[in-house]
>>> print(open('upload.cif').read())   # mmCIF, C-alpha atoms and all ligand atoms
data_run
#
loop_
_atom_site.label_atom_id
_atom_site.label_comp_id
_atom_site.auth_asym_id
_atom_site.auth_seq_id
_atom_site.Cartn_x
_atom_site.Cartn_y
_atom_site.Cartn_z
CA MET A 1 49.15 -82.37 -9.27
CA GLN A 2 51.68 -79.80 -10.21
CA ALA A 3 50.87 -77.33 -12.99
CA VAL A 4 53.37 -77.81 -15.79
CA GLY A 5 55.85 -74.97 -15.99
CA SER A 6 54.32 -72.97 -13.16
CA GLY A 7 57.05 -73.77 -10.64
CA LEU A 8 54.40 -73.86 -7.93
CA GLY A 9 54.19 -76.56 -5.27
CA GLY A 10 57.67 -78.09 -5.60
CA ALA A 11 60.84 -77.90 -7.59
CA PRO A 12 60.54 -75.84 -10.77
CA THR A 13 59.82 -78.08 -13.76
CA GLY A 14 61.23 -75.71 -16.37
CA PRO A 15 62.03 -72.12 -17.11
CA PRO A 16 59.61 -69.62 -15.57
CA LEU A 17 56.81 -68.58 -17.87
CA THR A 18 57.69 -65.26 -19.44
CA LYS A 19 54.84 -62.83 -19.74
CA PHE A 20 53.61 -62.62 -23.31
CA SER A 21 55.10 -59.38 -24.58
CA MET A 22 52.66 -56.65 -25.42
CA LEU A 23 52.06 -52.94 -24.93
CA ARG A 24 49.21 -51.22 -23.11
CA LEU A 25 48.41 -47.85 -24.66
CA ALA A 26 46.28 -45.35 -22.73
CA ILE A 27 44.26 -42.85 -24.74
CA GLN A 28 41.61 -40.30 -23.78
CA LYS A 29 38.22 -41.95 -23.34
CA SER A 30 36.09 -39.08 -24.50
CA GLY A 31 37.32 -35.65 -25.52
CA ARG A 32 39.28 -33.69 -28.04
CA LEU A 33 42.14 -36.20 -28.31
CA SER A 34 40.01 -39.35 -28.62
CA GLU A 35 39.07 -39.45 -32.29
CA ASP A 36 42.51 -38.44 -33.62
CA SER A 37 44.23 -40.94 -31.31
CA LEU A 38 42.03 -43.80 -32.54
CA GLN A 39 42.48 -42.71 -36.14
CA LEU A 40 46.27 -42.69 -35.78
CA ILE A 41 46.20 -46.24 -34.40
CA ARG A 42 44.00 -47.36 -37.32
CA GLU A 43 46.24 -45.60 -39.85
CA CYS A 44 49.16 -47.58 -38.39
CA GLY A 45 47.32 -50.65 -39.70
CA ILE A 46 46.21 -51.78 -36.24
CA SER A 47 42.68 -53.18 -36.05
CA PHE A 48 40.56 -53.43 -32.92
CA LEU A 49 36.95 -53.66 -31.90
CA SER A 50 35.95 -50.28 -30.55
CA SER A 51 33.09 -49.54 -28.25
CA SER A 52 32.59 -46.25 -26.47
CA TYR A 53 31.29 -48.10 -23.38
CA LYS A 54 34.42 -50.17 -22.85
CA LEU A 55 37.36 -49.33 -20.60
CA LYS A 56 39.76 -51.34 -22.73
CA THR A 57 40.03 -53.21 -25.98
CA GLU A 58 42.62 -55.44 -27.60
CA ALA A 59 44.09 -55.08 -31.07
CA THR A 60 43.53 -58.08 -33.30
CA ASN A 61 46.72 -57.84 -35.40
CA PHE A 62 49.34 -56.23 -33.10
CA PRO A 63 50.22 -57.02 -29.47
CA LEU A 64 48.51 -53.90 -28.18
CA GLU A 65 45.86 -53.29 -25.57
CA ILE A 66 44.11 -49.91 -25.58
CA LEU A 67 42.94 -48.40 -22.28
CA PHE A 68 40.40 -45.56 -22.31
CA LEU A 69 41.06 -43.03 -19.51
CA ARG A 70 40.62 -39.37 -18.58
CA ASP A 71 43.49 -37.45 -20.13
CA ASP A 72 44.66 -36.05 -16.76
CA ASP A 73 45.21 -39.60 -15.46
CA ILE A 74 47.34 -40.74 -18.41
CA PRO A 75 50.78 -39.33 -17.36
CA GLY A 76 50.48 -40.91 -13.89
CA TYR A 77 49.45 -44.31 -15.23
CA VAL A 78 52.38 -44.29 -17.65
CA GLN A 79 54.88 -43.05 -15.05
CA ASP A 80 53.81 -45.92 -12.77
CA GLY A 81 53.94 -48.48 -15.58
CA VAL A 82 50.23 -49.37 -15.30
CA ALA A 83 50.11 -48.35 -18.95
CA ASP A 84 53.24 -48.70 -21.10
CA LEU A 85 52.32 -45.95 -23.54
CA GLY A 86 49.95 -43.00 -23.64
CA ILE A 87 48.72 -40.30 -25.97
CA VAL A 88 48.22 -36.99 -24.20
CA GLY A 89 48.50 -33.23 -24.74
CA GLN A 90 51.89 -31.73 -23.82
CA ASN A 91 49.99 -29.25 -21.65
CA VAL A 92 48.71 -32.06 -19.42
CA LEU A 93 52.11 -33.79 -19.50
CA GLU A 94 54.02 -30.65 -18.47
CA GLU A 95 51.49 -29.87 -15.77
CA ALA A 96 52.12 -33.36 -14.33
CA ASP A 97 55.94 -32.93 -14.56
CA GLY A 98 56.06 -35.77 -17.08
CA ALA A 99 58.02 -34.19 -19.95
CA HIS A 100 60.72 -36.89 -19.61
CA LEU A 101 58.15 -39.51 -20.71
CA GLN A 102 57.67 -38.02 -24.19
CA VAL A 103 58.96 -40.13 -27.08
CA GLU A 104 57.27 -38.60 -30.13
CA ALA A 105 55.29 -35.49 -31.06
CA LEU A 106 52.19 -36.47 -33.04
CA GLY A 107 51.20 -33.23 -34.77
CA PHE A 108 47.52 -33.10 -33.83
CA SER A 109 45.50 -31.26 -31.13
CA LYS A 110 47.65 -28.18 -31.51
CA CYS A 111 46.66 -25.50 -29.05
CA ARG A 112 48.19 -23.01 -26.67
CA LEU A 113 47.88 -22.18 -23.00
CA SER A 114 47.30 -18.44 -22.79
CA LEU A 115 46.71 -15.67 -20.30
CA ALA A 116 43.64 -13.52 -20.92
CA VAL A 117 42.14 -10.46 -19.24
CA PRO A 118 38.74 -8.71 -19.59
CA ARG A 119 38.71 -6.80 -22.89
CA GLY A 120 38.36 -3.37 -21.32
CA ASP A 121 41.13 -3.80 -18.71
CA ALA A 122 44.48 -2.10 -19.12
CA TYR A 123 47.31 -4.52 -19.83
CA GLU A 124 50.91 -3.66 -20.66
CA SER A 125 53.02 -6.69 -19.94
CA VAL A 126 53.02 -9.76 -17.71
CA ALA A 127 54.12 -7.44 -14.87
CA THR A 128 50.56 -6.04 -14.95
CA LEU A 129 49.49 -9.33 -13.31
CA GLN A 130 51.61 -8.70 -10.20
CA GLY A 131 49.46 -9.36 -7.11
CA LYS A 132 46.39 -10.28 -9.19
CA ASN A 133 44.07 -13.28 -8.87
CA ILE A 134 44.36 -15.67 -11.81
CA ALA A 135 42.04 -18.65 -12.40
CA THR A 136 43.49 -21.67 -14.18
CA SER A 137 43.47 -25.46 -14.45
CA TYR A 138 47.26 -25.35 -14.95
CA PRO A 139 48.75 -23.98 -11.72
CA ASN A 140 52.15 -25.67 -12.21
CA LEU A 141 52.70 -24.49 -15.77
CA LEU A 142 51.45 -21.01 -15.00
CA GLY A 143 53.38 -20.84 -11.73
CA ARG A 144 56.64 -21.65 -13.55
CA TYR A 145 55.89 -19.06 -16.25
CA LEU A 146 55.12 -16.30 -13.74
CA ALA A 147 58.18 -17.17 -11.65
CA ALA A 148 60.37 -16.97 -14.78
CA HIS A 149 58.98 -13.45 -15.36
CA GLY A 150 59.41 -12.42 -11.73
CA VAL A 151 55.67 -12.03 -11.16
CA GLN A 152 53.85 -13.08 -8.00
CA ALA A 153 50.10 -13.70 -8.25
CA GLN A 154 47.41 -15.68 -6.46
CA LEU A 155 46.50 -18.74 -8.51
CA HIS A 156 43.00 -20.19 -8.14
CA THR A 157 42.88 -23.72 -9.45
CA ILE A 158 39.55 -24.64 -11.02
CA SER A 159 38.93 -27.63 -13.24
CA GLY A 160 36.45 -26.29 -15.77
CA SER A 161 34.75 -23.17 -17.19
CA VAL A 162 37.82 -21.10 -16.33
CA GLU A 163 36.76 -18.40 -18.79
CA ILE A 164 33.80 -17.28 -16.66
CA ALA A 165 35.97 -16.60 -13.58
CA PRO A 166 36.43 -12.85 -14.23
CA SER A 167 32.72 -12.23 -14.85
CA ILE A 168 31.76 -13.87 -11.52
CA GLY A 169 34.41 -11.94 -9.61
CA LEU A 170 36.68 -14.91 -8.89
CA ALA A 171 39.73 -13.57 -10.72
CA GLU A 172 41.08 -10.61 -12.67
CA ALA A 173 42.73 -12.83 -15.28
CA ILE A 174 42.60 -16.41 -16.51
CA CYS A 175 45.06 -18.88 -18.01
CA ASP A 176 43.44 -21.50 -20.24
CA ILE A 177 43.74 -23.55 -23.43
CA VAL A 178 42.99 -21.61 -26.61
CA SER A 179 42.88 -22.71 -30.22
CA SER A 180 40.79 -20.22 -32.22
CA GLY A 181 40.16 -17.72 -29.44
CA SER A 182 36.39 -17.65 -30.03
CA THR A 183 35.58 -18.87 -26.48
CA LEU A 184 37.63 -16.01 -25.02
CA LEU A 185 35.92 -13.52 -27.30
CA GLY A 186 32.49 -14.84 -26.35
CA ASN A 187 33.32 -14.24 -22.69
CA GLY A 188 34.58 -10.70 -23.20
CA LEU A 189 38.23 -11.67 -22.74
CA ARG A 190 41.37 -10.75 -24.65
CA GLU A 191 44.40 -13.02 -25.02
CA VAL A 192 47.53 -11.26 -23.78
CA GLU A 193 50.33 -13.85 -23.38
CA THR A 194 51.12 -17.32 -24.66
CA VAL A 195 52.33 -19.39 -21.73
CA PHE A 196 52.87 -22.74 -23.49
CA ARG A 197 52.38 -24.26 -26.97
CA SER A 198 51.06 -27.79 -27.06
CA GLU A 199 50.30 -30.73 -29.31
CA ALA A 200 49.47 -34.39 -28.73
CA VAL A 201 52.47 -36.59 -27.90
CA LEU A 202 53.22 -40.27 -27.46
CA ILE A 203 54.65 -41.06 -24.05
CA ALA A 204 56.24 -44.26 -22.73
CA GLN A 205 56.92 -45.65 -19.29
CA PRO A 206 60.60 -45.58 -18.28
CA HIS A 207 61.07 -49.34 -17.76
CA LEU A 208 59.98 -51.09 -20.95
CA SER A 209 61.35 -54.60 -21.44
CA ALA A 210 63.57 -55.18 -24.49
CA GLU A 211 60.65 -56.90 -26.26
CA GLN A 212 58.34 -53.99 -25.49
CA GLN A 213 60.96 -51.49 -26.70
CA ASP A 214 61.09 -53.45 -29.94
CA LEU A 215 57.29 -53.20 -30.28
CA LEU A 216 57.45 -49.47 -29.52
CA ASP A 217 60.09 -49.04 -32.26
CA GLN A 218 57.74 -50.77 -34.72
CA LEU A 219 54.86 -48.56 -33.64
CA GLN A 220 56.91 -45.37 -33.95
CA PHE A 221 58.14 -46.47 -37.39
CA ARG A 222 54.51 -46.78 -38.51
CA MET A 223 53.48 -43.48 -36.91
CA GLN A 224 56.32 -41.65 -38.65
CA ALA A 225 55.35 -43.18 -42.02
CA VAL A 226 51.75 -42.03 -41.51
CA ARG A 227 52.82 -38.49 -40.58
CA ARG A 228 55.26 -38.18 -43.47
CA ALA A 229 52.54 -39.32 -45.88
CA LYS A 230 50.08 -36.76 -44.50
CA ARG A 231 52.53 -33.95 -45.12
CA SER A 232 53.16 -35.06 -48.72
CA LYS A 233 51.21 -35.38 -51.99
CA TYR A 234 51.94 -37.41 -55.09
CA ILE A 235 51.96 -35.23 -58.20
CA ILE A 236 51.71 -36.31 -61.84
CA LEU A 237 51.89 -33.87 -64.74
CA ASN A 238 52.67 -33.53 -68.42
CA ALA A 239 55.39 -31.13 -69.54
CA PRO A 240 57.13 -30.19 -72.78
CA VAL A 241 60.62 -31.72 -72.92
CA GLY A 242 62.08 -28.21 -73.12
CA ALA A 243 60.67 -27.38 -69.68
CA LEU A 244 62.08 -30.50 -68.02
CA ASP A 245 65.04 -28.83 -66.30
CA GLU A 246 62.74 -26.23 -64.73
CA VAL A 247 60.20 -28.90 -63.70
CA ARG A 248 62.96 -31.01 -62.11
CA ARG A 249 64.18 -27.98 -60.20
CA LEU A 250 60.66 -27.39 -58.85
CA LEU A 251 60.00 -31.09 -58.13
CA PRO A 252 63.15 -32.68 -56.75
CA GLY A 253 61.12 -35.62 -55.33
CA ILE A 254 62.52 -38.06 -52.79
CA LYS A 255 65.50 -39.00 -54.96
CA SER A 256 64.61 -37.51 -58.33
CA PRO A 257 61.32 -37.42 -60.26
CA THR A 258 60.18 -40.26 -62.53
CA VAL A 259 60.15 -39.05 -66.15
CA THR A 260 58.48 -41.11 -68.91
CA PRO A 261 57.89 -40.12 -72.55
CA LEU A 262 54.33 -39.47 -73.74
CA ALA A 263 53.00 -40.92 -77.00
CA GLU A 264 53.01 -37.35 -78.33
CA ALA A 265 56.54 -36.40 -79.37
CA GLY A 266 58.21 -33.62 -77.39
CA TRP A 267 56.21 -34.27 -74.17
CA VAL A 268 56.98 -36.19 -70.98
CA SER A 269 55.01 -37.30 -67.95
CA VAL A 270 56.64 -36.40 -64.62
CA GLN A 271 55.80 -38.05 -61.28
CA SER A 272 57.09 -36.81 -57.97
CA VAL A 273 56.28 -36.01 -54.33
CA VAL A 274 55.62 -32.50 -52.98
CA GLN A 275 55.19 -31.20 -49.47
CA GLU A 276 51.64 -30.11 -48.73
CA ASP A 277 52.84 -26.72 -47.46
CA ASP A 278 54.65 -25.95 -50.73
CA PHE A 279 51.95 -27.35 -52.97
CA TRP A 280 50.06 -24.24 -54.22
CA HIS A 281 53.23 -22.26 -54.62
CA ILE A 282 54.86 -25.00 -56.71
CA THR A 283 51.82 -25.76 -58.90
CA SER A 284 51.52 -22.14 -60.00
CA GLN A 285 55.21 -22.15 -60.96
CA LEU A 286 54.79 -25.48 -62.79
CA LYS A 287 51.94 -24.03 -64.85
CA ALA A 288 54.07 -20.99 -65.62
CA VAL A 289 56.80 -23.18 -67.17
CA GLY A 290 54.25 -25.04 -69.35
CA ALA A 291 53.12 -28.03 -67.25
CA GLU A 292 49.63 -29.36 -68.04
CA GLY A 293 47.17 -31.96 -66.71
CA ILE A 294 48.48 -31.73 -63.15
CA LEU A 295 47.06 -34.53 -60.96
CA VAL A 296 47.57 -34.56 -57.20
CA LEU A 297 46.98 -37.74 -55.20
CA PRO A 298 47.06 -38.48 -51.47
CA ILE A 299 49.79 -40.79 -50.19
CA GLU A 300 48.73 -43.43 -47.67
CA LYS A 301 52.11 -44.38 -46.18
CA MET A 302 55.60 -43.11 -46.87
CA ILE A 303 58.63 -45.13 -45.84
CA ALA A 304 61.82 -43.09 -45.85
P1 LIG B 1 38.91 -35.34 -19.75
O1 LIG B 1 37.46 -35.57 -19.52
O2 LIG B 1 39.57 -36.53 -20.42
O3 LIG B 1 39.66 -34.86 -18.53
P2 LIG B 1 39.26 -32.62 -20.74
O4 LIG B 1 37.94 -31.92 -20.71
O5 LIG B 1 40.26 -32.34 -19.67
O6 LIG B 1 38.99 -34.18 -20.87
P3 LIG B 1 39.58 -31.92 -23.56
O7 LIG B 1 38.84 -30.62 -23.60
O8 LIG B 1 38.95 -33.09 -24.23
O9 LIG B 1 40.04 -32.31 -22.07
O10 LIG B 1 41.02 -31.66 -24.17
C1 LIG B 1 41.99 -32.67 -24.23
C2 LIG B 1 43.28 -32.09 -24.76
O11 LIG B 1 43.07 -31.62 -26.10
C3 LIG B 1 43.78 -30.85 -24.02
O12 LIG B 1 44.54 -31.20 -22.87
C4 LIG B 1 44.63 -30.18 -25.07
O13 LIG B 1 45.91 -30.80 -25.19
C5 LIG B 1 43.84 -30.45 -26.34
N1 LIG B 1 42.91 -29.33 -26.63
C6 LIG B 1 42.08 -28.72 -25.78
N2 LIG B 1 41.38 -27.76 -26.37
C7 LIG B 1 41.78 -27.77 -27.64
C8 LIG B 1 41.40 -27.02 -28.78
N3 LIG B 1 40.50 -26.06 -28.70
N4 LIG B 1 41.99 -27.33 -29.95
C9 LIG B 1 42.89 -28.29 -30.03
N5 LIG B 1 43.30 -29.03 -28.98
C10 LIG B 1 42.74 -28.78 -27.81
ZN ZN B 2 41.20 -33.55 -18.54
#
>>> encode(input="upload.cif", output="structure tokens")
Amino acid sequence: MQAVGSGLGGAPTGPPLTKFSMLRLAIQKSGRLSEDSLQLIRECGISFLSSSYKLKTEATNFPLEILFLRDDDIPGYVQDGVADLGIVGQNVLEEADGAHLQVEALGFSKCRLSLAVPRGDAYESVATLQGKNIATSYPNLLGRYLAAHGVQAQLHTISGSVEIAPSIGLAEAICDIVSSGSTLLGNGLREVETVFRSEAVLIAQPHLSAEQQDLLDQLQFRMQAVRRAKRSKYIILNAPVGALDEVRRLLPGIKSPTVTPLAEAGWVSVQSVVQEDDFWHITSQLKAVGAEGILVLPIEKMIA
């Protein structure tokens, strides 16, 4: 008997079955990107059963499958379309020549790829590294940087514990990921050049179907709303009516602030949105013009 709609074993009985449209998103299984990647997906309102032992899981309220992989494998899987999307550090993406896959910067896992030399060694400029041995896990990125500066050096590619290379005599310099610099310090090294600045990014395979592109648009819309909300705070305060012009100047809000009268004559309540970066600066100015009872609340989502 012929399977209905399969088209197998005889003349087709109807239109071919179209694959149910969904996206497969690859994230780091276990490492510095994992927790923030999962949190971003949750903050986008996507629920899933998570288990650290699993290789994949399916979202329950969005057509999304999540694959858990080593971060270094993510650009290749996305380039080949095995995964449709991925979350990976730009450092790993650039190293794999995958910059064209990037669709959105995500603002977390900020770090830099830096050159470092033993603290006591003389260092003037990148030209000091001419002819030296440099240990790194990023030979492509570093190679491009050195070439751009006209420096030739021997690169030794090692996959971990790069910072110990000088102390065991493997190299005179290293090039590795740095965030605070404490690991370098602990190994007697001094950071001398920034080779590349990185953050986590969303990447997408080049041949998404129209339906998948539509799902990606929805996902990016949610991610942007989450990021905007994180950068902003909701602020409520009381101010004397006479200070209102000053308060409005300090708190322009999205369109303009909400102003409502208080029961006490001559006072208003003002509600608005401020950027996290400007927050302390603005609150001290608000107090200076007579604002009182300033409340600051987190914003969960912010739709432009
Ligand atoms: P895997 O086992 O998946 O290969 P890994 O050991 O290569 O993991 P991690 O150390 O977990 O990688 O780092 C993952 C990514 O997080 C890095 O590629 C980089 O983008 C970012 N990262 C690394 N170190 C830091 C740091 N100190 N601060 C912030 N972000 C970092
Ligand atoms: Zn890795």
>>> atom_distance(input="upload.cif", atom1="CA of Gly253 (chain A)", atom2="CA of Gly107 (chain A)")
23.0 Å
>>> residues_near_ligand(input="upload.cif", ligand="ligand ZN 2 (chain B)", cutoff="7 Å", atoms="all atoms listed in the file", output="PyMOL selection string")
chain A and resi 70-72
>>> atom_distance(input="upload.cif", atom1="CA of Glu276 (chain A)", atom2="CA of Leu297 (chain A)")
11.0 Å
>>> closest_atom_pairs(input="upload.cif", of="chain A", to="ligand LIG 1 (chain B)", cutoff="10 Å", atoms="only C-alpha atoms and all ligand atoms", output="CSV")
residue,atom,partner,partner_atom,distance
A:Ile27,CA,B:LIG1,O2,9.0
A:Gln28,CA,B:LIG1,O2,5.4
A:Lys29,CA,B:LIG1,O2,6.3
A:Ser30,CA,B:LIG1,O2,5.9
A:Gly31,CA,B:LIG1,O8,3.3
A:Arg32,CA,B:LIG1,O8,3.9
A:Leu33,CA,B:LIG1,O11,5.2
A:Ser34,CA,B:LIG1,O8,7.7
A:Phe68,CA,B:LIG1,O2,9.3
A:Leu69,CA,B:LIG1,O2,6.7
A:Arg70,CA,B:LIG1,O2,3.5
A:Asp71,CA,B:LIG1,O2,4.0
A:Asp72,CA,B:LIG1,O3,5.4
A:Asp73,CA,B:LIG1,O3,7.9
A:Ile74,CA,B:LIG1,O2,9.1
A:Ile87,CA,B:LIG1,C2,9.9
A:Val88,CA,B:LIG1,O13,6.7
A:Gly89,CA,B:LIG1,O13,3.6
A:Gln90,CA,B:LIG1,O13,6.2
A:Asn91,CA,B:LIG1,O13,5.6
A:Val92,CA,B:LIG1,O12,5.5
A:Leu93,CA,B:LIG1,O12,8.7
A:Phe108,CA,B:LIG1,N5,7.6
A:Ser109,CA,B:LIG1,N5,3.8
A:Lys110,CA,B:LIG1,C9,5.0
A:Cys111,CA,B:LIG1,C9,4.8
A:Arg112,CA,B:LIG1,C10,8.0
A:Leu113,CA,B:LIG1,C4,8.9
A:Ser137,CA,B:LIG1,O5,9.2
A:Ser159,CA,B:LIG1,O5,8.1
A:Gly160,CA,B:LIG1,O4,7.6
A:Ser161,CA,B:LIG1,O4,10.0
A:Asp176,CA,B:LIG1,N2,9.0
A:Ile177,CA,B:LIG1,N2,5.7
A:Val178,CA,B:LIG1,N3,5.5
A:Ser179,CA,B:LIG1,N3,4.4
A:Ser180,CA,B:LIG1,N3,6.8
A:Gly181,CA,B:LIG1,N3,8.4
A:Ser182,CA,B:LIG1,N3,9.5
A:Thr183,CA,B:LIG1,N3,9.0
A:Arg197,CA,B:LIG1,O13,9.4
A:Ser198,CA,B:LIG1,O13,6.3
A:Glu199,CA,B:LIG1,O13,6.0
A:Ala200,CA,B:LIG1,O13,6.2
A:Val201,CA,B:LIG1,O13,9.2
>>> atom_distance(input="upload.cif", atom1="CA of Ala291 (chain A)", atom2="CA of Val226 (chain A)")
29.3 Å
>>> closest_residue(input="upload.cif", among="A:Leu251, A:Ala265, A:Leu49, A:Ala304", to="Arg227 (chain A)", atoms="all atoms listed in the file")
A:Ala304
>>> residues_around(input="upload.cif", residues="region 234-248 of chain A", least_positions_apart="6", cutoff="6 Å", atoms="only C-alpha atoms", output="short mmCIF file (atom, residue, chain, number, x, y, z; two decimals) with C-alpha atoms, in the coordinates of the input")
data_model
loop_
_atom_site.label_atom_id
_atom_site.label_comp_id
_atom_site.auth_asym_id
_atom_site.auth_seq_id
_atom_site.Cartn_x
_atom_site.Cartn_y
_atom_site.Cartn_z
CA GLY A 266 58.21 -33.62 -77.39
CA TRP A 267 56.21 -34.27 -74.17
CA VAL A 268 56.98 -36.19 -70.98
CA SER A 269 55.01 -37.30 -67.95
CA VAL A 270 56.64 -36.40 -64.62
CA GLN A 271 55.80 -38.05 -61.28
CA SER A 272 57.09 -36.81 -57.97
CA VAL A 273 56.28 -36.01 -54.33
CA ALA A 291 53.12 -28.03 -67.25
CA GLU A 292 49.63 -29.36 -68.04
CA GLY A 293 47.17 -31.96 -66.71
CA ILE A 294 48.48 -31.73 -63.15
CA LEU A 295 47.06 -34.53 -60.96
CA VAL A 296 47.57 -34.56 -57.20
CA LEU A 297 46.98 -37.74 -55.20
#
>>> closest_residue(input="upload.cif", among="A:Arg231, A:His100, A:Lys255, A:Arg144", to="Phe279 (chain A)", atoms="all atoms listed in the file")
A:Arg231
>>> build_atoms(input="upload.cif", residues="region 267-274 of chain A", atoms="all heavy atoms", output="PDB file, keeping the file's coordinate frame")
ATOM      1  N   TRP A 267      56.850 -34.392 -75.495  1.00  0.00           N
ATOM      2  CA  TRP A 267      56.210 -34.270 -74.170  1.00  0.00           C
ATOM      3  C   TRP A 267      56.619 -35.422 -73.275  1.00  0.00           C
ATOM      4  O   TRP A 267      56.868 -36.530 -73.731  1.00  0.00           O
ATOM      5  CB  TRP A 267      54.685 -34.248 -74.306  1.00  0.00           C
ATOM      6  CG  TRP A 267      54.181 -32.919 -74.754  1.00  0.00           C
ATOM      7  CD1 TRP A 267      54.191 -32.433 -76.026  1.00  0.00           C
ATOM      8  CD2 TRP A 267      53.621 -31.901 -73.906  1.00  0.00           C
ATOM      9  NE1 TRP A 267      53.680 -31.173 -76.047  1.00  0.00           N
ATOM     10  CE2 TRP A 267      53.315 -30.813 -74.767  1.00  0.00           C
ATOM     11  CE3 TRP A 267      53.351 -31.788 -72.552  1.00  0.00           C
ATOM     12  CZ2 TRP A 267      52.751 -29.638 -74.279  1.00  0.00           C
ATOM     13  CZ3 TRP A 267      52.788 -30.623 -72.066  1.00  0.00           C
ATOM     14  CH2 TRP A 267      52.502 -29.555 -72.919  1.00  0.00           C
ATOM     15  N   VAL A 268      56.686 -35.143 -71.973  1.00  0.00           N
ATOM     16  CA  VAL A 268      56.980 -36.190 -70.980  1.00  0.00           C
ATOM     17  C   VAL A 268      55.953 -36.130 -69.859  1.00  0.00           C
ATOM     18  O   VAL A 268      55.327 -35.089 -69.627  1.00  0.00           O
ATOM     19  CB  VAL A 268      58.391 -36.027 -70.360  1.00  0.00           C
ATOM     20  CG1 VAL A 268      59.478 -36.444 -71.333  1.00  0.00           C
ATOM     21  CG2 VAL A 268      58.614 -34.621 -69.852  1.00  0.00           C
ATOM     22  N   SER A 269      55.809 -37.257 -69.181  1.00  0.00           N
ATOM     23  CA  SER A 269      55.010 -37.300 -67.950  1.00  0.00           C
ATOM     24  C   SER A 269      55.998 -37.319 -66.788  1.00  0.00           C
ATOM     25  O   SER A 269      56.968 -38.066 -66.807  1.00  0.00           O
ATOM     26  CB  SER A 269      54.145 -38.564 -67.940  1.00  0.00           C
ATOM     27  OG  SER A 269      53.632 -38.766 -66.640  1.00  0.00           O
ATOM     28  N   VAL A 270      55.736 -36.485 -65.772  1.00  0.00           N
ATOM     29  CA  VAL A 270      56.640 -36.400 -64.620  1.00  0.00           C
ATOM     30  C   VAL A 270      55.865 -36.797 -63.368  1.00  0.00           C
ATOM     31  O   VAL A 270      54.731 -36.341 -63.167  1.00  0.00           O
ATOM     32  CB  VAL A 270      57.192 -34.960 -64.461  1.00  0.00           C
ATOM     33  CG1 VAL A 270      58.132 -34.867 -63.262  1.00  0.00           C
ATOM     34  CG2 VAL A 270      57.911 -34.516 -65.726  1.00  0.00           C
ATOM     35  N   GLN A 271      56.438 -37.656 -62.543  1.00  0.00           N
ATOM     36  CA  GLN A 271      55.800 -38.050 -61.280  1.00  0.00           C
ATOM     37  C   GLN A 271      56.750 -37.741 -60.129  1.00  0.00           C
ATOM     38  O   GLN A 271      57.938 -38.032 -60.222  1.00  0.00           O
ATOM     39  CB  GLN A 271      55.503 -39.548 -61.271  1.00  0.00           C
ATOM     40  CG  GLN A 271      54.625 -39.969 -62.427  1.00  0.00           C
ATOM     41  CD  GLN A 271      54.353 -41.450 -62.422  1.00  0.00           C
ATOM     42  OE1 GLN A 271      54.371 -42.082 -61.372  1.00  0.00           O
ATOM     43  NE2 GLN A 271      54.103 -42.007 -63.582  1.00  0.00           N
ATOM     44  N   SER A 272      56.219 -37.154 -59.085  1.00  0.00           N
ATOM     45  CA  SER A 272      57.090 -36.810 -57.970  1.00  0.00           C
ATOM     46  C   SER A 272      56.257 -36.630 -56.686  1.00  0.00           C
ATOM     47  O   SER A 272      55.054 -36.853 -56.678  1.00  0.00           O
ATOM     48  CB  SER A 272      57.839 -35.510 -58.296  1.00  0.00           C
ATOM     49  OG  SER A 272      58.854 -35.299 -57.348  1.00  0.00           O
ATOM     50  N   VAL A 273      56.937 -36.232 -55.623  1.00  0.00           N
ATOM     51  CA  VAL A 273      56.280 -36.010 -54.330  1.00  0.00           C
ATOM     52  C   VAL A 273      56.512 -34.560 -53.928  1.00  0.00           C
ATOM     53  O   VAL A 273      57.625 -34.058 -54.063  1.00  0.00           O
ATOM     54  CB  VAL A 273      56.878 -36.958 -53.266  1.00  0.00           C
ATOM     55  CG1 VAL A 273      56.383 -36.619 -51.874  1.00  0.00           C
ATOM     56  CG2 VAL A 273      56.540 -38.400 -53.606  1.00  0.00           C
ATOM     57  N   VAL A 274      55.443 -33.886 -53.478  1.00  0.00           N
ATOM     58  CA  VAL A 274      55.620 -32.500 -52.980  1.00  0.00           C
ATOM     59  C   VAL A 274      55.109 -32.412 -51.547  1.00  0.00           C
ATOM     60  O   VAL A 274      54.226 -33.172 -51.137  1.00  0.00           O
ATOM     61  CB  VAL A 274      54.851 -31.457 -53.816  1.00  0.00           C
ATOM     62  CG1 VAL A 274      55.520 -31.196 -55.130  1.00  0.00           C
ATOM     63  CG2 VAL A 274      53.397 -31.822 -54.008  1.00  0.00           C
TER      64      VAL A 274
END
